[in-house]
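Following: one structure in structure tokens, then a few remarks.
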Amino acid sequence: MTRPLIVPSVLPADFAVLGAEVEALCDAGVDRIQWDVMDGVFVPNLTMGPDVIAAARRHSTVPFEAHLMVVDPDELIPRYIDAGCDLVIVHVEACTHLHRTLARIRDLGGRSGVALNPHTPAAMVRHVLEETDLVLAMTVNPGFGGQQYIAAVEPKVTELRAMIDERSLSIELEVDGGITDETIAGAAAAGADVFISGSWLYSHADGKRAGVDLLRRRATAARGRSGEGRGVA
């Protein structure tokens, strides 16, 4: 069984000392760091651009992923890859030509990811899986941190896992939104192998490393109980 990947969002970080925040996450044993890129249009919030990410990159020993919650991702993809993001995630709801967009990420040297909002059916990505390195099932509506986990998405996670496994594809299945020590078990049992945690991880009473370790233990146990253990390390 490959171990679950724990990936923090930087949304709760102190942006005044962002380099130090990135170093602290790396010291906590995270597997990657996610950058939530919001344009104020696709979602009602505005966050960081590629220059901020590029400035933080030298402080990290783990890969970066950019989650582009924007209306026109094709224009921005090259800039986030140049900024040091190994993985770029776009939303199926924002891409008119999703197959082309995912292929372009790979052509530019990145790993490609596709995200689905909670209401978006799994079938929307069935025909682009061969162009995809990661599928992200949102377990909150994107745009803000600190939201409550939507457990109703778990059957969709299971459906996505079946779609991936039936083709024997090496695709990571990620969940993002409301992931805590209490909710991660349901997502892991449903078939997810990558877990984004933000507000809960940053507020853990015993520190980020203890939080990362606890999340990984809970996910591993849930996958074992459910007969899972399929994933990409």
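Identifiers in the structure tokens: chain A, B, ... in order shown; residue index from 1 per chain; ligand index from 1 in order shown.
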Which of region 4-233 of chain A counts as strand (DSSP E) under DSSP, as a PyMOL selection string please?
-> chain A and resi 5-8+33-38+64-69+85-91+111-116+134-138+172-176+194-197
Using DSSP on the backbone coordinates, identify the residues of region 28-220 of chain A assigned to helix (DSSP H, G or I); present them as a PyMOL selection string.
-> chain A and resi 50-57+73-82+92-94+98-107+122-131+151-166+184-190+199-202+208-220
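Restricting the calculation to only C-alpha atoms, the smallest distance between Leu11 (chain A) and any of A:Ala54, A:Cys26, A:Leu46, A:Met138 is found for A:Leu46.
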Rank A:Asp39, A:Glu166, A:Glu23, A:Asp72 by their smallest atom-to-atom distance to Arg126 (chain A), using only C-alpha atoms, and report the top residue only.
-> A:Glu166
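In this structure, CA of Met38 (chain A) sits 11.4 Å away from CA of Val90 (chain A).
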